[in-house]
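Single-structure report; data block below.
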Amino acid sequence: MTDYNFEDIETRWQKRWADGRTFEVTEDPARPKFYCLEMLPYPSGDIHVGHVRNYCITDVVARYKRMKGFNVLHPIGWDALGLPAENAAIKRGIHPEKWTRDNIASMKRQLQRLGFSYPWSREVATCDPEYYRWNQWFFLRMLERGIAYRAKAAVNWCPSCQTVLANEQAEGGTCWRCGSVVEQRDMEQWFLRITAYQDELLDDMAQLPTWPDRVLLQQKNWVGRSPGAEIDFAVEGAEPIRIFTTRVDTIYGATFMVLAPEHPRVDALMAGASAGAKAALATLRAQDRRARLEGQVEKDGVFTGRHATNPFNGERVPIWVGNFVLMGYGTGAIMAVPAHDERDFEFARKFGIPVRPVIRPAAGALDGASMAEAYVGPGVVENSGPFDGLSAEEALATMAAHAETKGFGKATITYRLKDWLVSRQRYWGTPIPVVYCEKDGIVGVPDAELPVVLPKDAPFTGEGGNPLEKVPSFVDARCPRCGGPARRETDTMDTFVDSSWYFYRYLSPQKKDGPFDPSAVRYWFPIDLYVGGIEHAILHLVYSRFWTKVMRDLGLVTFDEPVTRLFPQGMVHKDGEVMSKSKGNTVAPDTIIARYGADTLRLYILFVAPPEMALEWQDGQIEGPSKFVHRVWRLLDRHADAFAQELRERIPAELTPAARDLRRKVHQTIQRVTDDIEGRMKLNTAVSALMELVNEIYRLEPEVSKGPMRPVFQEALEALVLLLAPFAPHICEEMWQRLGRRFSIVDRNWPVADASLAREDEVELAVQVNGKVRGRVTVGAETSEEEVRRRALEDPKVQEAVAGKQVVKILVVPGRLVSVVVK
RNA sequence: GCGGGCGUAGCCGAAUUGGCAUAGGCGCCUGACUUAGGAUCAGGUGGGGAAACCCGUGGGGGUUCAAGUCCCUCCGCCCGCACCA
């Protein structure tokens with residue numbers, strides 16, 4: 001007997017895989033392909049358990065698919081640009097590149113230590129100039145088409161990260177990376193016109209039927225499509241003010257108008273207002289923006305002293321400024337219909353503004369003076385001149401059309417989605433490839449001069465400002481058009497640009513004359529499975545969809561969506577909290593591997609919870625999978641070498657009951673493990689099934705491992721090793737070899753279940769009388785329903801329960817139970 | 001507040017379509033082997049009860065021969081969204 005020396009076994013096979021280039025793949029039209037993708041890690045320094053979970057899931061699927069005969073692409077890379085590297089440079093004086101490369105090297109060792117089946121020749125690091133040159137190339141293509149543009153806008157500024165952020169990276173008014181409250185600043189910045197694709201982002205969800213609803217719902221909410229109308233309200237002695245509403249059907253009930261405090265017309269309208277009113281306005285403007293955005297501030301407002309005219313009924317309505325109206329949405333101005341909008345109602349009651357119902361609910365008329373809350377349900381339009389009698393729904397279209405005919409409005413659609421702000425005032429990102437020429441303005445760097453490379457000698461002082469600005473050799477440039485002096489753009493790109501298309505680069509990572517090889521894309525795309533954290537639902541997963549659509553319009557790909565199946569894995573918790581560096585509750589995979597081995601860690605992570613659910617890390621729980629691996633080791637260690645020496649014999653036609661039991665369990669397990677991986681990815685129950693198989697082999701080992709039934713035992717051991725291989729690949733390679741089989745198990749055919757062998761010969765049926773189990777009968781699997789019924793009623797316990805009563809009916813659920821109803 | 005998900009032994013979790021609740025694992029108990037065991041092997045392990053039986057999937061109600069699963073209602077936890085006109 002030999003000890004299970006996992007360290008020796010694992011390092012030996014990892015080396016063998018590397019030396020044999022086992023997981024390298026090329027396009028092979030003769031075989032079906034499977035593109036198995038995981039979200040690439042940021043090289044922070046350590047692989048954490050969350051990564052391990054993500055990559056264990058994909059590795060099982062990748063190895064399984066390969067054993068099934070698929071040509072599997074399962075690559076990995078590094079999301080290697082970003083702020084932490086630069087902060088390390090400031091704090092510790094290490095260059096971001098060195099910091100990043102060192103981290104990549106140690107994390108790569110950690111991944112290899114886990115035995116993941118990566119084709120390392122395809123490894124991509126986004127900080128490589130040969131990678132980010134294609135960011136620049138895409139940017140120039142977008143610039144040519146007006147998808148990339150520079151504009152002044154109110155943007156989110158993170159004072160801690162010292163850079164601007166995109167809208168979705170400042171959700172809730174806080175920075176996605178550091179959590180600081182962001183400030184609003186008016187700045188000129190670079191944007192990508194994602195809003196040009198907003199309808200497609202919604203409509204193409206129809207092509208993503210296997211994406212989880214919650215992800216699609218989040219994306220849908222984020223795009224925030226609201227059909228409505230824009231209406232111009234005339235203002236006495238000034239230009240009209242345009243409002244946006246989704247309820248134009250209620251416009252006859254508008255009793256006031258409200259502008260956002262930041263609305264550009266407010267100052268002029270209030271020029272003649274009292275000092276008190278101006279002070280009130282200043283108070284509104286000083287309110288915390290984040291709190292305002294989240295509705296945590298009590299509604300407040302100030303009357304401007306001016307009036308507007310409702311174009312539908314010519315009525316004069318007072319113009320207010322209110323803190324609940326946001327400049328960033330619609331036109332920053334609303335018509336307020338307190339009778340039919342909760343917010344307007346609250347405001348109107350606070351300031352004593354009249355409430356006039358114009359929708360009549362089925363339950364009866366409303367009274368504006370006494371109603372306790374706004375009525376927002378359906379009904380019939382009333383008090384609305386020529387539109388009376390229409391349903392509210394009909395009125396929406398009719399009244400918008402009316403406004404358009406009369407020239408004071410039109411039907412429109414407003415979106416919450418804003419263009420993607422991609423410029424960052426930091427060093428460790430992709431330089432935006434443009435120069436500013438005094439004569440020619442903004443000029444793109446010619447393709448031939450790409451990549452624009454980050455200078456190595458930038459000063460990292462941490463004193464604010466982008467280090468690139470302090471590198472004259474970088475900033476001073478020539479205009480490609482006129483040859484005159486020009487200033488190079490020092491902003492760099494959002495790192496979400498890098499991750500928007502990295503999965504194309506894996507296909508041809510060395511390609512010099514383009515971002516990827518189109519024929520490789522035709523072979524490998526779309527991605528068959530994409531596993532990663534759900535926190536990217538509205539960030540990376542929206543940007544990636546957008547990027548592919550842009551690439552399609554550039555003629556680079558022919559499809560609309562890059563990912564067929566998205567599988568967000570659950571988080572890893574410890575002590576009831578998300579495991580994270582900042583919480584200080586992390587578990588280092590290295591420590592676990594040193595103590596238990598990579599195979600055990602992999603099994604534990606997959607076994608302890610279903611992949612989509614939160615996993616609560618509990619130290620003791622790993623003992624189960626650890627014992628299991630040892631049990632497998634001892635079992636194979638007892639028998640493998642002998643089988644390797646023997647001639648392979650056929651399984652006898654006649655089996656002993658024990659051999660029959662074992663064969664049945666083997667084929668049932670093949671069926672279960674295959675179904676569990678294939679369908680709902682229930683990898684936890686797949687591991688359970690393997691544990692059951694091992695328990696059964698142990699139970700039957702004394703009877704089946706010797707004598708004429710020995711080939712059945714051999715079949716069981718080989719099936720076990722094959723089925724376990726995707727989960728615990730090292731020990732299975734070892735055992736496959738010990739069984740006298742050839743390297744490598746990754747190419748072995750996945751076993752096929754024989755349904756006739758898996759079927760039970762006999763089944764025990766529970767017999768219920770009026771819903772209670774009163775007896776049991778064991779019958780052959782093929783017994784007729786008639787016979788089952790008869791046998792059920794023969795059972796003495798059942799007879800007792802039925803005695804003296806009338807049998808109303810008998811239901812037989814094949815293979816399950818018999819239900820007798822009496823009265 | 002709105003939307004979605006979840007709630008099963010002491011703990012992590014199983015349970016195709018409604019069909020014997022608690023598979024598998026942890027922990028615990030007993031035994032075997034042992035100088036020893038935090039190793040291994042075997043057995044046991046929802047609650048009550050001497051037993052027959054009864055009760056049990058967050059609480060309450062309903063549909064059904066049959067409910068963890070379907071319906072209503074309440075409670076708790078988690079995740080999204082949240083003054084978006």
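How things are named: the first chain in the structure tokens is A, the next is B, and so on; residues count from 1 in each chain; ligands count from 1 in the order shown.
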
Just list as an MDAnalysis selection string whatever in segment 503-683 of chain A DSSP marks as helix (DSSP H, G or I). chainID A and resid 503:505 518:524 534:536 540:553 589:596 598:607 619:645 657:678 683

I'd like the neighbourhood of C77 of chain B as a ChimeraX atom specification, where a residue qualifies if any of its atoms comes within 12 Å (using only C-alpha atoms (C1' of nucleotides)), though same-chain residues fewer than 5 positions away should be ignored. /A:576 /B:5-7,58

At most 6 Å to chain B: residues in chain A, only C-alpha atoms (C1' of nucleotides), as a ChimeraX atom specification: /A:245,295,324,621,624,688,766,771,821

Can you list, as a list in words, every protein, DNA or RNA residue that comes within 12 Å of Met142 of chain A when you count only C-alpha atoms (C1' of nucleotides), leaving out same-chain residues fewer than 5 positions away?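 Contacts, in chain order: Asn135, Gln136, Trp137, Ile147, Ala148, Tyr149, Arg150, Trp190, Phe191, Leu192, Arg193, Ile194, Ile432, Pro433, Gly444, Trp547, Lys549, Val550, Met551, Asp553 and Leu554 of chain A.
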
Give me the residues within 12 Å of Leu793 of chain A as a CSV table (one decimal) with C-alpha atoms, in the first residue's frame, counting only C-alpha atoms (C1' of nucleotides) and dropping any in the same chain fewer than 6 places off.
```csv
chain,number,residue,atom,x,y,z
A,766,ALA,CA,-45.2,2.4,-0.6
A,767,VAL,CA,-48.9,1.6,-0.2
A,768,GLN,CA,-50.9,4.6,1.1
A,769,VAL,CA,-54.4,4.4,2.5
A,774,ARG,CA,-49.6,1.7,5.7
A,775,GLY,CA,-47.6,-1.0,4.0
A,776,ARG,CA,-44.9,-1.8,1.4
A,777,VAL,CA,-44.8,-4.2,-1.5
A,786,GLU,CA,-53.4,-4.9,-12.2
A,787,GLU,CA,-50.9,-7.1,-10.4
A,799,GLN,CA,-55.9,-5.0,4.9
A,800,GLU,CA,-56.2,-3.8,8.4
A,801,ALA,CA,-56.5,-0.2,7.4
A,802,VAL,CA,-59.1,-1.0,4.7
A,803,ALA,CA,-61.1,-3.4,6.8
A,807,VAL,CA,-62.5,1.2,-1.5
A,809,LYS,CA,-60.3,4.1,-6.0
A,810,ILE,CA,-56.7,2.9,-6.3
A,818,VAL,CA,-49.9,2.9,-4.6
A,819,SER,CA,-52.6,5.1,-3.2
A,820,VAL,CA,-55.8,3.5,-1.9
A,821,VAL,CA,-58.7,5.8,-1.2
A,822,VAL,CA,-61.4,4.4,1.2
```

DSSP on the backbone, then: every residue of segment 67-316 of chain A marked strand (DSSP E), written as a ChimeraX atom specification. /A:71-73,77-78,124-125,148-158,163-165,183-192,226-235,238-245,256-259,301-309,316

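In this comparison, which uses only C-alpha atoms, the residue of A:Val355, A:Val572, A:Cys437, A:Val521 approaching Thr548 of chain A most closely is A:Val521.
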
Near-Ala395 of chain A list (8 Å; only C-alpha atoms (C1' of nucleotides); drop same-chain fewer than 5 positions) as a PyMOL selection string: chain A and resi 248-249+381+387+390

With only C-alpha atoms (C1' of nucleotides) as the counted atoms, please give the residues lying no more than 8 Å from Gln14 of chain A, apart from itself and same-chain residues fewer than 6 positions off, as a PyMOL selection string. chain A and resi 112-113+115+730

Using all heavy atoms, can you export the residues from the last selection as an mmCIF file, in the first residue's frame?
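Produced file selection.cif, reproduced below:
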```cif
data_model
loop_
_atom_site.group_PDB
_atom_site.id
_atom_site.type_symbol
_atom_site.label_atom_id
_atom_site.label_comp_id
_atom_site.auth_asym_id
_atom_site.auth_seq_id
_atom_site.Cartn_x
_atom_site.Cartn_y
_atom_site.Cartn_z
ATOM 1 N N GLN A 112 -1.871 27.390 -11.723
ATOM 2 C CA GLN A 112 -1.293 26.128 -12.187
ATOM 3 C C GLN A 112 -1.333 25.089 -11.071
ATOM 4 O O GLN A 112 -1.543 23.897 -11.329
ATOM 5 C CB GLN A 112 0.138 26.364 -12.675
ATOM 6 C CG GLN A 112 0.146 27.088 -14.009
ATOM 7 C CD GLN A 112 1.516 27.562 -14.442
ATOM 8 O OE1 GLN A 112 2.349 27.940 -13.614
ATOM 9 N NE2 GLN A 112 1.757 27.565 -15.747
ATOM 10 N N ARG A 113 -1.183 25.568 -9.866
ATOM 11 C CA ARG A 113 -1.194 24.700 -8.699
ATOM 12 C C ARG A 113 -2.569 24.050 -8.498
ATOM 13 O O ARG A 113 -2.713 23.047 -7.819
ATOM 14 C CB ARG A 113 -0.807 25.551 -7.497
ATOM 15 C CG ARG A 113 -0.301 24.902 -6.283
ATOM 16 C CD ARG A 113 0.915 24.086 -6.475
ATOM 17 N NE ARG A 113 0.977 23.087 -5.400
ATOM 18 C CZ ARG A 113 0.274 21.966 -5.361
ATOM 19 N NH1 ARG A 113 -0.531 21.659 -6.355
ATOM 20 N NH2 ARG A 113 0.364 21.139 -4.349
ATOM 21 N N GLY A 115 -4.383 23.089 -11.066
ATOM 22 C CA GLY A 115 -4.578 22.107 -12.130
ATOM 23 C C GLY A 115 -5.604 22.493 -13.176
ATOM 24 O O GLY A 115 -6.195 21.621 -13.810
ATOM 25 N N HIS A 730 -5.904 15.324 -10.969
ATOM 26 C CA HIS A 730 -4.555 14.799 -10.716
ATOM 27 C C HIS A 730 -4.600 13.340 -10.280
ATOM 28 O O HIS A 730 -3.912 12.485 -10.845
ATOM 29 C CB HIS A 730 -3.837 15.622 -9.646
ATOM 30 C CG HIS A 730 -3.841 17.096 -9.904
ATOM 31 N ND1 HIS A 730 -4.845 17.924 -9.461
ATOM 32 C CD2 HIS A 730 -2.965 17.885 -10.576
ATOM 33 C CE1 HIS A 730 -4.573 19.176 -9.820
ATOM 34 N NE2 HIS A 730 -3.445 19.175 -10.511
#
```

Just the residues within 12 Å of A32 of chain B, please, counting only C-alpha atoms (C1' of nucleotides), with nothing from its chain fewer than 4 positions along; format it as a PyMOL selection string. chain B and resi 40-43

Mind writing the picked residues with N, CA and C atoms (P, O5', C5', C4', C3', O3' and C1' of nucleotides) as a PDB file, in the first residue's frame?
```pdb
ATOM      1  P     U B  40      -9.844   8.594   8.184  1.00  0.00           P
ATOM      2  O5'   U B  40      -9.763   7.013   8.071  1.00  0.00           O
ATOM      3  C5'   U B  40      -8.987   6.394   7.058  1.00  0.00           C
ATOM      4  C4'   U B  40      -8.982   4.911   7.257  1.00  0.00           C
ATOM      5  C3'   U B  40     -10.350   4.255   7.245  1.00  0.00           C
ATOM      6  O3'   U B  40     -10.780   4.017   5.912  1.00  0.00           O
ATOM      7  C1'   U B  40      -9.127   3.446   9.092  1.00  0.00           C
ATOM      8  P     C B  41     -12.319   4.078   5.525  1.00  0.00           P
ATOM      9  O5'   C B  41     -12.888   2.735   6.159  1.00  0.00           O
ATOM     10  C5'   C B  41     -12.512   1.482   5.632  1.00  0.00           C
ATOM     11  C4'   C B  41     -13.047   0.383   6.492  1.00  0.00           C
ATOM     12  C3'   C B  41     -14.534   0.453   6.800  1.00  0.00           C
ATOM     13  O3'   C B  41     -15.321  -0.021   5.723  1.00  0.00           O
ATOM     14  C1'   C B  41     -13.362  -0.001   8.783  1.00  0.00           C
ATOM     15  P     A B  42     -16.768   0.565   5.478  1.00  0.00           P
ATOM     16  O5'   A B  42     -17.592  -0.099   6.671  1.00  0.00           O
ATOM     17  C5'   A B  42     -17.828  -1.493   6.692  1.00  0.00           C
ATOM     18  C4'   A B  42     -18.562  -1.876   7.941  1.00  0.00           C
ATOM     19  C3'   A B  42     -19.837  -1.085   8.235  1.00  0.00           C
ATOM     20  O3'   A B  42     -20.932  -1.533   7.472  1.00  0.00           O
ATOM     21  C1'   A B  42     -18.542  -1.250  10.196  1.00  0.00           C
ATOM     22  P     G B  43     -22.071  -0.529   7.081  1.00  0.00           P
ATOM     23  O5'   G B  43     -22.802  -0.261   8.476  1.00  0.00           O
ATOM     24  C5'   G B  43     -23.613  -1.263   9.064  1.00  0.00           C
ATOM     25  C4'   G B  43     -24.003  -0.876  10.468  1.00  0.00           C
ATOM     26  C3'   G B  43     -24.851   0.378  10.618  1.00  0.00           C
ATOM     27  O3'   G B  43     -26.201   0.177  10.260  1.00  0.00           O
ATOM     28  C1'   G B  43     -23.165   0.369  12.265  1.00  0.00           C
TER      29        G B  43
END
```
